[in-house]
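Below is protein-v5.pdb, which holds PDB, C-alpha atoms.
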ATOM      1  CA  ASP A   1      59.897-109.290   8.545  1.00  0.00           C
ATOM      2  CA  ALA A   2      56.759-107.613   7.171  1.00  0.00           C
ATOM      3  CA  GLN A   3      54.572-109.843   9.371  1.00  0.00           C
ATOM      4  CA  GLY A   4      56.536-108.975  12.510  1.00  0.00           C
ATOM      5  CA  MET A   5      58.164-112.414  12.673  1.00  0.00           C
ATOM      6  CA  THR A   6      61.759-113.110  13.662  1.00  0.00           C
ATOM      7  CA  GLU A   7      63.640-116.309  14.412  1.00  0.00           C
ATOM      8  CA  PHE A   8      66.453-117.213  16.820  1.00  0.00           C
ATOM      9  CA  PRO A   9      67.548-120.708  15.712  1.00  0.00           C
ATOM     10  CA  TRP A  10      70.738-120.752  17.768  1.00  0.00           C
ATOM     11  CA  PHE A  11      69.346-121.063  21.337  1.00  0.00           C
ATOM     12  CA  PRO A  12      70.430-124.466  22.737  1.00  0.00           C
ATOM     13  CA  ALA A  13      67.521-126.549  24.059  1.00  0.00           C
ATOM     14  CA  TRP A  14      69.569-127.615  27.093  1.00  0.00           C
ATOM     15  CA  GLN A  15      70.123-124.043  28.300  1.00  0.00           C
ATOM     16  CA  GLU A  16      68.630-123.445  31.761  1.00  0.00           C
ATOM     17  CA  GLN A  17      69.547-119.799  32.275  1.00  0.00           C
ATOM     18  CA  ASN A  18      66.977-117.168  31.384  1.00  0.00           C
ATOM     19  CA  VAL A  19      67.435-115.267  28.136  1.00  0.00           C
ATOM     20  CA  VAL A  20      66.450-111.604  27.866  1.00  0.00           C
ATOM     21  CA  VAL A  21      65.174-110.271  24.534  1.00  0.00           C
ATOM     22  CA  TRP A  22      64.699-106.513  24.002  1.00  0.00           C
ATOM     23  CA  PRO A  23      62.312-105.768  21.119  1.00  0.00           C
ATOM     24  CA  SER A  24      63.052-102.275  19.814  1.00  0.00           C
ATOM     25  CA  GLN A  25      60.859-100.215  17.497  1.00  0.00           C
ATOM     26  CA  SER A  26      60.596 -96.428  17.210  1.00  0.00           C
ATOM     27  CA  GLY A  27      57.527 -95.086  19.018  1.00  0.00           C
ATOM     28  CA  PHE A  28      57.073 -98.191  21.160  1.00  0.00           C
ATOM     29  CA  VAL A  29      58.182 -99.196  24.661  1.00  0.00           C
ATOM     30  CA  ARG A  30      61.508-101.026  24.770  1.00  0.00           C
ATOM     31  CA  LYS A  31      60.377-103.758  27.135  1.00  0.00           C
ATOM     32  CA  ARG A  32      62.405-106.798  28.154  1.00  0.00           C
ATOM     33  CA  VAL A  33      61.016-110.281  27.556  1.00  0.00           C
ATOM     34  CA  VAL A  34      62.480-113.080  29.694  1.00  0.00           C
ATOM     35  CA  PHE A  35      62.204-116.795  28.876  1.00  0.00           C
ATOM     36  CA  ARG A  36      64.073-120.098  28.991  1.00  0.00           C
ATOM     37  CA  PRO A  37      64.870-121.440  25.519  1.00  0.00           C
ATOM     38  CA  GLY A  38      64.352-125.040  26.647  1.00  0.00           C
ATOM     39  CA  ASP A  39      60.808-124.243  27.793  1.00  0.00           C
ATOM     40  CA  VAL A  40      59.759-122.517  24.584  1.00  0.00           C
ATOM     41  CA  THR A  41      57.992-124.353  21.793  1.00  0.00           C
ATOM     42  CA  GLY A  42      56.304-122.912  18.754  1.00  0.00           C
ATOM     43  CA  VAL A  43      55.683-119.203  18.201  1.00  0.00           C
ATOM     44  CA  GLN A  44      55.958-116.785  21.120  1.00  0.00           C
ATOM     45  CA  GLU A  45      53.916-113.591  20.820  1.00  0.00           C
ATOM     46  CA  ILE A  46      55.292-110.285  22.094  1.00  0.00           C
ATOM     47  CA  VAL A  47      52.910-107.315  22.192  1.00  0.00           C
ATOM     48  CA  LEU A  48      54.563-103.905  21.905  1.00  0.00           C
ATOM     49  CA  THR A  49      53.049-100.919  23.728  1.00  0.00           C
ATOM     50  CA  ARG A  50      53.056 -97.443  22.233  1.00  0.00           C
ATOM     51  CA  LEU A  51      54.911 -94.658  23.986  1.00  0.00           C
ATOM     52  CA  VAL A  52      52.657 -91.876  25.297  1.00  0.00           C
ATOM     53  CA  PRO A  53      53.472 -88.141  25.105  1.00  0.00           C
ATOM     54  CA  ILE A  54      53.810 -85.729  27.998  1.00  0.00           C
ATOM     55  CA  ARG A  55      53.451 -82.183  26.675  1.00  0.00           C
ATOM     56  CA  GLY A  56      53.673 -78.698  28.069  1.00  0.00           C
ATOM     57  CA  THR A  57      55.274 -75.271  27.820  1.00  0.00           C
ATOM     58  CA  VAL A  58      58.306 -73.832  29.586  1.00  0.00           C
ATOM     59  CA  ARG A  59      58.407 -70.102  30.357  1.00  0.00           C
ATOM     60  CA  TYR A  60      60.642 -67.649  32.139  1.00  0.00           C
ATOM     61  CA  ALA A  61      59.353 -65.791  35.191  1.00  0.00           C
ATOM     62  CA  ASP A  62      58.353 -62.852  32.953  1.00  0.00           C
ATOM     63  CA  GLY A  63      56.120 -65.132  30.886  1.00  0.00           C
ATOM     64  CA  LYS A  64      58.347 -65.335  27.833  1.00  0.00           C
ATOM     65  CA  PRO A  65      58.889 -68.761  26.229  1.00  0.00           C
ATOM     66  CA  ALA A  66      62.039 -70.527  27.421  1.00  0.00           C
ATOM     67  CA  LYS A  67      63.895 -72.418  24.696  1.00  0.00           C
ATOM     68  CA  ASN A  68      66.631 -75.031  25.076  1.00  0.00           C
ATOM     69  CA  ILE A  69      65.563 -75.975  28.597  1.00  0.00           C
ATOM     70  CA  ARG A  70      66.427 -79.582  29.403  1.00  0.00           C
ATOM     71  CA  LEU A  71      63.536 -81.749  30.538  1.00  0.00           C
ATOM     72  CA  THR A  72      63.743 -85.246  31.986  1.00  0.00           C
ATOM     73  CA  ALA A  73      60.948 -87.664  32.844  1.00  0.00           C
ATOM     74  CA  ASP A  74      61.614 -90.513  35.272  1.00  0.00           C
ATOM     75  CA  GLY A  75      58.903 -93.071  35.950  1.00  0.00           C
ATOM     76  CA  ASP A  76      58.161 -96.060  38.106  1.00  0.00           C
ATOM     77  CA  GLY A  77      55.580 -98.818  38.028  1.00  0.00           C
ATOM     78  CA  PHE A  78      55.147-102.465  38.951  1.00  0.00           C
ATOM     79  CA  GLY A  79      57.262-103.772  36.073  1.00  0.00           C
ATOM     80  CA  LEU A  80      60.986-104.494  35.955  1.00  0.00           C
ATOM     81  CA  ASP A  81      61.963-101.370  34.033  1.00  0.00           C
ATOM     82  CA  GLN A  82      61.507 -97.696  34.852  1.00  0.00           C
ATOM     83  CA  GLY A  83      60.357 -95.376  32.112  1.00  0.00           C
ATOM     84  CA  MET A  84      62.520 -92.407  31.199  1.00  0.00           C
ATOM     85  CA  ALA A  85      62.829 -89.784  28.506  1.00  0.00           C
ATOM     86  CA  SER A  86      64.628 -86.494  27.966  1.00  0.00           C
ATOM     87  CA  GLY A  87      64.539 -83.584  25.567  1.00  0.00           C
ATOM     88  CA  VAL A  88      64.781 -79.802  25.252  1.00  0.00           C
ATOM     89  CA  SER A  89      62.132 -77.133  24.827  1.00  0.00           C
ATOM     90  CA  ALA A  90      61.554 -75.663  21.375  1.00  0.00           C
ATOM     91  CA  GLU A  91      61.814 -72.034  20.266  1.00  0.00           C
ATOM     92  CA  ASP A  92      58.266 -71.358  21.518  1.00  0.00           C
ATOM     93  CA  GLY A  93      58.937 -73.114  24.849  1.00  0.00           C
ATOM     94  CA  THR A  94      56.890 -76.209  24.061  1.00  0.00           C
ATOM     95  CA  TYR A  95      58.168 -79.728  24.659  1.00  0.00           C
ATOM     96  CA  GLU A  96      57.129 -83.341  24.201  1.00  0.00           C
ATOM     97  CA  LEU A  97      58.506 -86.395  25.993  1.00  0.00           C
ATOM     98  CA  LEU A  98      57.505 -89.906  24.888  1.00  0.00           C
ATOM     99  CA  VAL A  99      57.346 -92.300  27.840  1.00  0.00           C
ATOM    100  CA  PRO A 100      56.098 -95.815  28.662  1.00  0.00           C
ATOM    101  CA  PRO A 101      52.544 -95.986  30.076  1.00  0.00           C
ATOM    102  CA  ASP A 102      51.302 -97.588  33.306  1.00  0.00           C
ATOM    103  CA  GLN A 103      53.805 -95.686  35.403  1.00  0.00           C
ATOM    104  CA  ILE A 104      53.788 -92.578  37.597  1.00  0.00           C
ATOM    105  CA  TYR A 105      56.288 -89.851  36.733  1.00  0.00           C
ATOM    106  CA  LEU A 106      58.579 -87.092  37.953  1.00  0.00           C
ATOM    107  CA  VAL A 107      59.382 -84.436  35.321  1.00  0.00           C
ATOM    108  CA  VAL A 108      62.209 -81.965  35.980  1.00  0.00           C
ATOM    109  CA  ALA A 109      63.208 -78.841  34.021  1.00  0.00           C
ATOM    110  CA  THR A 110      66.688 -77.279  34.295  1.00  0.00           C
ATOM    111  CA  GLY A 111      68.708 -74.781  32.284  1.00  0.00           C
ATOM    112  CA  THR A 112      70.538 -71.461  32.405  1.00  0.00           C
ATOM    113  CA  ASP A 113      69.671 -67.840  31.729  1.00  0.00           C
ATOM    114  CA  GLU A 114      71.467 -65.628  29.203  1.00  0.00           C
ATOM    115  CA  SER A 115      74.270 -64.930  31.677  1.00  0.00           C
ATOM    116  CA  GLY A 116      74.790 -68.623  32.426  1.00  0.00           C
ATOM    117  CA  GLU A 117      73.156 -68.603  35.857  1.00  0.00           C
ATOM    118  CA  PRO A 118      71.407 -71.908  36.732  1.00  0.00           C
ATOM    119  CA  LEU A 119      67.626 -72.052  36.395  1.00  0.00           C
ATOM    120  CA  ALA A 120      65.152 -74.664  37.583  1.00  0.00           C
ATOM    121  CA  SER A 121      61.441 -75.071  38.146  1.00  0.00           C
ATOM    122  CA  THR A 122      59.095 -76.788  40.553  1.00  0.00           C
ATOM    123  CA  PRO A 123      58.976 -80.419  39.336  1.00  0.00           C
ATOM    124  CA  GLN A 124      55.823 -81.957  37.926  1.00  0.00           C
ATOM    125  CA  THR A 125      54.854 -85.158  39.756  1.00  0.00           C
ATOM    126  CA  GLY A 126      51.870 -86.996  41.201  1.00  0.00           C
ATOM    127  CA  PHE A 127      50.380 -88.156  37.882  1.00  0.00           C
ATOM    128  CA  ALA A 128      50.205 -91.378  35.909  1.00  0.00           C
ATOM    129  CA  ILE A 129      50.654 -92.088  32.219  1.00  0.00           C
ATOM    130  CA  LEU A 130      48.032 -94.528  30.946  1.00  0.00           C
ATOM    131  CA  PRO A 131      47.983 -96.351  27.588  1.00  0.00           C
ATOM    132  CA  GLU A 132      46.925 -94.293  24.578  1.00  0.00           C
ATOM    133  CA  THR A 133      46.233 -91.257  26.820  1.00  0.00           C
ATOM    134  CA  PRO A 134      48.467 -88.217  26.157  1.00  0.00           C
ATOM    135  CA  VAL A 135      49.037 -85.873  29.084  1.00  0.00           C
ATOM    136  CA  GLU A 136      48.902 -82.159  28.309  1.00  0.00           C
ATOM    137  CA  GLY A 137      49.579 -78.997  30.278  1.00  0.00           C
ATOM    138  CA  LYS A 138      52.596 -80.059  32.339  1.00  0.00           C
ATOM    139  CA  ASP A 139      54.010 -76.540  32.279  1.00  0.00           C
ATOM    140  CA  PHE A 140      57.090 -75.058  33.940  1.00  0.00           C
ATOM    141  CA  THR A 141      58.115 -71.583  35.072  1.00  0.00           C
ATOM    142  CA  MET A 142      61.878 -71.191  35.311  1.00  0.00           C
ATOM    143  CA  GLN A 143      63.332 -69.467  38.366  1.00  0.00           C
ATOM    144  CA  PRO A 144      66.843 -69.090  39.819  1.00  0.00           C
ATOM    145  CA  ALA A 145      67.813 -72.571  40.950  1.00  0.00           C
ATOM    146  CA  THR A 146      68.346 -73.476  44.591  1.00  0.00           C
ATOM    147  CA  ARG A 147      72.027 -74.231  45.216  1.00  0.00           C
ATOM    148  CA  VAL A 148      72.531 -77.278  47.426  1.00  0.00           C
ATOM    149  CA  VAL A 149      76.062 -77.677  48.814  1.00  0.00           C
ATOM    150  CA  GLY A 150      77.620 -80.190  51.160  1.00  0.00           C
ATOM    151  CA  THR A 151      80.786 -81.934  52.225  1.00  0.00           C
ATOM    152  CA  LEU A 152      81.373 -85.674  52.049  1.00  0.00           C
ATOM    153  CA  LEU A 153      82.933 -86.800  55.351  1.00  0.00           C
ATOM    154  CA  SER A 154      84.588 -90.006  56.472  1.00  0.00           C
ATOM    155  CA  PRO A 155      82.466 -91.831  59.101  1.00  0.00           C
ATOM    156  CA  GLU A 156      85.604 -92.668  61.085  1.00  0.00           C
ATOM    157  CA  ASP A 157      87.267 -89.306  61.694  1.00  0.00           C
ATOM    158  CA  LYS A 158      84.903 -86.864  59.930  1.00  0.00           C
ATOM    159  CA  SER A 159      87.656 -85.813  57.529  1.00  0.00           C
ATOM    160  CA  PRO A 160      86.670 -84.678  54.007  1.00  0.00           C
ATOM    161  CA  VAL A 161      86.561 -87.406  51.353  1.00  0.00           C
ATOM    162  CA  PRO A 162      87.851 -86.011  48.031  1.00  0.00           C
ATOM    163  CA  ASN A 163      87.258 -87.121  44.433  1.00  0.00           C
ATOM    164  CA  THR A 164      84.504 -89.600  45.294  1.00  0.00           C
ATOM    165  CA  HIS A 165      81.368 -90.441  43.340  1.00  0.00           C
ATOM    166  CA  LEU A 166      78.049 -89.933  45.094  1.00  0.00           C
ATOM    167  CA  THR A 167      74.420 -90.113  44.039  1.00  0.00           C
ATOM    168  CA  VAL A 168      71.638 -87.787  45.176  1.00  0.00           C
ATOM    169  CA  LEU A 169      68.055 -88.951  44.607  1.00  0.00           C
ATOM    170  CA  GLN A 170      65.169 -86.560  44.020  1.00  0.00           C
ATOM    171  CA  GLN A 171      61.892 -88.384  44.633  1.00  0.00           C
ATOM    172  CA  GLY A 172      58.465 -87.649  43.238  1.00  0.00           C
ATOM    173  CA  THR A 173      55.106 -88.486  44.770  1.00  0.00           C
ATOM    174  CA  ALA A 174      54.735 -92.167  45.676  1.00  0.00           C
ATOM    175  CA  LEU A 175      51.834 -94.220  44.327  1.00  0.00           C
ATOM    176  CA  GLN A 176      50.639 -94.920  47.878  1.00  0.00           C
ATOM    177  CA  ASP A 177      50.039 -91.156  48.248  1.00  0.00           C
ATOM    178  CA  LEU A 178      47.850 -91.064  45.119  1.00  0.00           C
ATOM    179  CA  PRO A 179      44.671 -92.907  46.162  1.00  0.00           C
ATOM    180  CA  LYS A 180      42.811 -92.003  42.958  1.00  0.00           C
ATOM    181  CA  VAL A 181      45.588 -93.214  40.636  1.00  0.00           C
ATOM    182  CA  GLN A 182      45.637 -96.783  39.363  1.00  0.00           C
ATOM    183  CA  ILE A 183      48.213 -98.374  37.077  1.00  0.00           C
ATOM    184  CA  ALA A 184      48.529-101.915  35.739  1.00  0.00           C
ATOM    185  CA  ASN A 185      49.812-104.504  38.208  1.00  0.00           C
ATOM    186  CA  PRO A 186      49.238-107.874  36.497  1.00  0.00           C
ATOM    187  CA  ASP A 187      51.421-109.866  38.912  1.00  0.00           C
ATOM    188  CA  GLY A 188      49.983-108.396  42.101  1.00  0.00           C
ATOM    189  CA  SER A 189      53.303-106.854  43.127  1.00  0.00           C
ATOM    190  CA  THR A 190      53.572-105.137  46.520  1.00  0.00           C
ATOM    191  CA  LYS A 191      56.680-103.098  45.660  1.00  0.00           C
ATOM    192  CA  MET A 192      56.957 -99.461  46.656  1.00  0.00           C
ATOM    193  CA  VAL A 193      56.297 -97.403  43.531  1.00  0.00           C
ATOM    194  CA  VAL A 194      57.941 -93.975  43.564  1.00  0.00           C
ATOM    195  CA  PRO A 195      59.583 -92.120  40.650  1.00  0.00           C
ATOM    196  CA  GLN A 196      63.013 -90.671  41.292  1.00  0.00           C
ATOM    197  CA  LYS A 197      65.738 -88.818  39.449  1.00  0.00           C
ATOM    198  CA  ALA A 198      69.385 -89.574  40.191  1.00  0.00           C
ATOM    199  CA  TYR A 199      72.079 -86.877  40.197  1.00  0.00           C
ATOM    200  CA  HIS A 200      75.599 -88.295  39.891  1.00  0.00           C
ATOM    201  CA  LEU A 201      78.242 -86.076  41.454  1.00  0.00           C
ATOM    202  CA  ILE A 202      81.947 -86.154  42.353  1.00  0.00           C
ATOM    203  CA  SER A 203      83.302 -84.439  45.459  1.00  0.00           C
ATOM    204  CA  ASP A 204      86.156 -81.985  44.877  1.00  0.00           C
ATOM    205  CA  GLU A 205      89.603 -82.063  46.459  1.00  0.00           C
ATOM    206  CA  ASN A 206      88.071 -80.721  49.682  1.00  0.00           C
ATOM    207  CA  GLY A 207      85.227 -83.236  49.705  1.00  0.00           C
ATOM    208  CA  ARG A 208      82.666 -80.592  48.701  1.00  0.00           C
ATOM    209  CA  PHE A 209      79.870 -81.050  46.187  1.00  0.00           C
ATOM    210  CA  GLU A 210      77.003 -78.981  44.838  1.00  0.00           C
ATOM    211  CA  LEU A 211      73.916 -79.296  42.671  1.00  0.00           C
ATOM    212  CA  PHE A 212      71.096 -77.013  41.568  1.00  0.00           C
ATOM    213  CA  LEU A 213      67.420 -77.860  42.046  1.00  0.00           C
ATOM    214  CA  GLY A 214      63.962 -76.373  41.705  1.00  0.00           C
ATOM    215  CA  ASP A 215      61.891 -75.627  44.804  1.00  0.00           C
TER
END
Starting from the file, give its structure as structure tokens.
Amino acid sequence: DAQGMTEFPWFPAWQEQNVVVWPSQSGFVRKRVVFRPGDVTGVQEIVLTRLVPIRGTVRYADGKPAKNIRLTADGDGFGLDQGMASGVSAEDGTYELLVPPDQIYLVVATGTDESGEPLASTPQTGFAILPETPVEGKDFTMQPATRVVGTLLSPEDKSPVPNTHLTVLQQGTALQDLPKVQIANPDGSTKMVVPQKAYHLISDENGRFELFLGD
């Protein structure tokens, strides 16, 4: 309601399994809240965190603005959920991605030129997004993409494996390699924090696959 209150009167008090609630509001982090209904009494307060913008400009190698380039941001932190956002560059090459704070990020730009040839750029990584602190100047220069090809083989007889799903992970800079970067870690977690982007592929009838990446 207008005071930010909501009520769930149908949780049974005898329930022992955890319940996950996902508060959702435009411009704020969609963060899971986990609790046991039988342990909850009175009003529970949930504090929403504002999304923070990553901004920059995408250009072609000749310096001209690059429009309609797809950008993705993949984050990682000490929480349960990884931040992510996607969008396309505007007519003047500018872009804005709204992402959850207290995570480190990998931002990737991909697209095609006028003839349909794949383009990519060196990824932006090795930086953190902090609360209420926009990040500017994460710019990209589009170049012909690097074509990565391979063949999926059976471990038994090394024969090609056709029509099979596979995932390729592109990793950014890990938090342990950023000694000057600090992000919130309220529970004292020791997890490895590294942002990564997943590419989901399917091998062809000959077991071959390909993808296009920046350098």
Let me know the residues the PyMOL selection byres ((chain A and resi 76) around 7) catches in the file above, as a PyMOL selection string.
chain A and resi 75+77+82-83+103-105+193-195
Selected residues written out, C-alpha atoms, as a PDB file, keeping the file's coordinate frame:
ATOM      1  CA  GLY A  75      58.903 -93.071  35.950  1.00  0.00           C
ATOM      2  CA  GLY A  77      55.580 -98.818  38.028  1.00  0.00           C
ATOM      3  CA  GLN A  82      61.507 -97.696  34.852  1.00  0.00           C
ATOM      4  CA  GLY A  83      60.357 -95.376  32.112  1.00  0.00           C
ATOM      5  CA  GLN A 103      53.805 -95.686  35.403  1.00  0.00           C
ATOM      6  CA  ILE A 104      53.788 -92.578  37.597  1.00  0.00           C
ATOM      7  CA  TYR A 105      56.288 -89.851  36.733  1.00  0.00           C
ATOM      8  CA  VAL A 193      56.297 -97.403  43.531  1.00  0.00           C
ATOM      9  CA  VAL A 194      57.941 -93.975  43.564  1.00  0.00           C
ATOM     10  CA  PRO A 195      59.583 -92.120  40.650  1.00  0.00           C
TER      11      PRO A 195
END
Please evaluate the PyMOL selection byres ((chain A and resi 22-34) around 12) against the displayed coordinates and give the resulting residues as a VMD selection string.
chain A and resid 4 to 6 17 to 21 35 to 37 39 to 40 44 to 53 79 to 85 97 to 102 131 to 132
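Once Arg55 of chain A and its same-chain neighbours fewer than 3 positions away are set aside, Tyr95, Glu96, Leu97, Val135, Glu136, Gly137 and Lys138 of chain A remain within 7 Å of it when counting all atoms listed in the file.
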Please, which residues in segment 125-188 of chain A fall within 9 Å of segment 203-214 of chain A when counting only C-alpha atoms, and what is the closest atom pair and distance in Å to one decimal for each, ordered by chain then residue number, as JSON lines?
{"residue": "A:Met142", "atom": "CA", "partner": "A:Gly214", "partner_atom": "CA", "distance": 8.5}
{"residue": "A:Gln143", "atom": "CA", "partner": "A:Gly214", "partner_atom": "CA", "distance": 7.7}
{"residue": "A:Pro144", "atom": "CA", "partner": "A:Gly214", "partner_atom": "CA", "distance": 8.1}
{"residue": "A:Ala145", "atom": "CA", "partner": "A:Leu213", "partner_atom": "CA", "distance": 5.4}
{"residue": "A:Thr146", "atom": "CA", "partner": "A:Leu213", "partner_atom": "CA", "distance": 5.2}
{"residue": "A:Arg147", "atom": "CA", "partner": "A:Phe212", "partner_atom": "CA", "distance": 4.7}
{"residue": "A:Val148", "atom": "CA", "partner": "A:Leu211", "partner_atom": "CA", "distance": 5.3}
{"residue": "A:Val149", "atom": "CA", "partner": "A:Glu210", "partner_atom": "CA", "distance": 4.3}
{"residue": "A:Gly150", "atom": "CA", "partner": "A:Phe209", "partner_atom": "CA", "distance": 5.5}
{"residue": "A:Thr151", "atom": "CA", "partner": "A:Arg208", "partner_atom": "CA", "distance": 4.2}
{"residue": "A:Leu152", "atom": "CA", "partner": "A:Gly207", "partner_atom": "CA", "distance": 5.1}
{"residue": "A:Leu153", "atom": "CA", "partner": "A:Gly207", "partner_atom": "CA", "distance": 7.1}
{"residue": "A:Ser159", "atom": "CA", "partner": "A:Gly207", "partner_atom": "CA", "distance": 8.6}
{"residue": "A:Pro160", "atom": "CA", "partner": "A:Gly207", "partner_atom": "CA", "distance": 4.8}
{"residue": "A:Val161", "atom": "CA", "partner": "A:Gly207", "partner_atom": "CA", "distance": 4.7}
{"residue": "A:Pro162", "atom": "CA", "partner": "A:Gly207", "partner_atom": "CA", "distance": 4.2}
{"residue": "A:Asn163", "atom": "CA", "partner": "A:Ser203", "partner_atom": "CA", "distance": 4.9}
{"residue": "A:Thr164", "atom": "CA", "partner": "A:Ser203", "partner_atom": "CA", "distance": 5.3}
{"residue": "A:His165", "atom": "CA", "partner": "A:Ser203", "partner_atom": "CA", "distance": 6.7}
{"residue": "A:Leu166", "atom": "CA", "partner": "A:Ser203", "partner_atom": "CA", "distance": 7.6}
Enumerate, as a ChimeraX atom specification, the residues matched when the PyMOL selection byres ((chain A and resi 68) around 6) is run on the file above.
/A:67,69,88-89
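Between atom CA of Ile183 of chain A and atom CA of Phe78 of chain A lies a distance of 8.3 Å.
Atom to atom, atom CA of Gly111 of chain A and atom CA of Arg70 of chain A stand 6.0 Å apart.
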I'd like the contact shell of Thr72 of chain A - 7 Å cut-off, all atoms listed in the file, skipping same-chain residues fewer than 2 positions apart - returned as JSON, numbers by chain.
{"A": [70, 74, 85, 86, 87, 107, 108, 109]}
Just give me the gap between atom CA of Gln124 of chain A and atom CA of His200 of chain A in Å, one decimal is fine.
20.9 Å
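Distances to Ala128 of chain A were evaluated for A:Leu169, A:Pro179, A:Glu156, A:Gly93 using all atoms listed in the file, and the minimum falls at A:Pro179.
Among the candidates A:Thr133, A:Leu71, A:Thr110, A:Gln196, the one nearest to Ala174 of chain A when counting all atoms listed in the file is A:Gln196.
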Could you check the closest approach to Leu130 of chain A for each of A:Thr190, A:Gln171, A:Thr112, A:Gln182 and tell me which residue wins, using only C-alpha atoms?
A:Gln182
Enclose segment 165-172 of chain A, meaning all of its atoms listed in the file, in a box aligned along x, y and z, pad it by 5 Å on each side, and list the centre and edge lengths in Å to one decimal, as lines of an AutoDock Vina configuration file.
center_x = 69.9
center_y = -88.5
center_z = 44.2
size_x = 32.9
size_y = 13.9
size_z = 11.9
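The nearest approach to Pro65 of chain A among the residues A:Thr122, A:Gln15, A:Gln3, A:Thr141, with all atoms listed in the file taken into account, belongs to A:Thr141.
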Counting all atoms listed in the file, closest pick from A:Asp157, A:Pro123, A:Asp177, A:Asp139 relative to Lys197 of chain A is A:Pro123
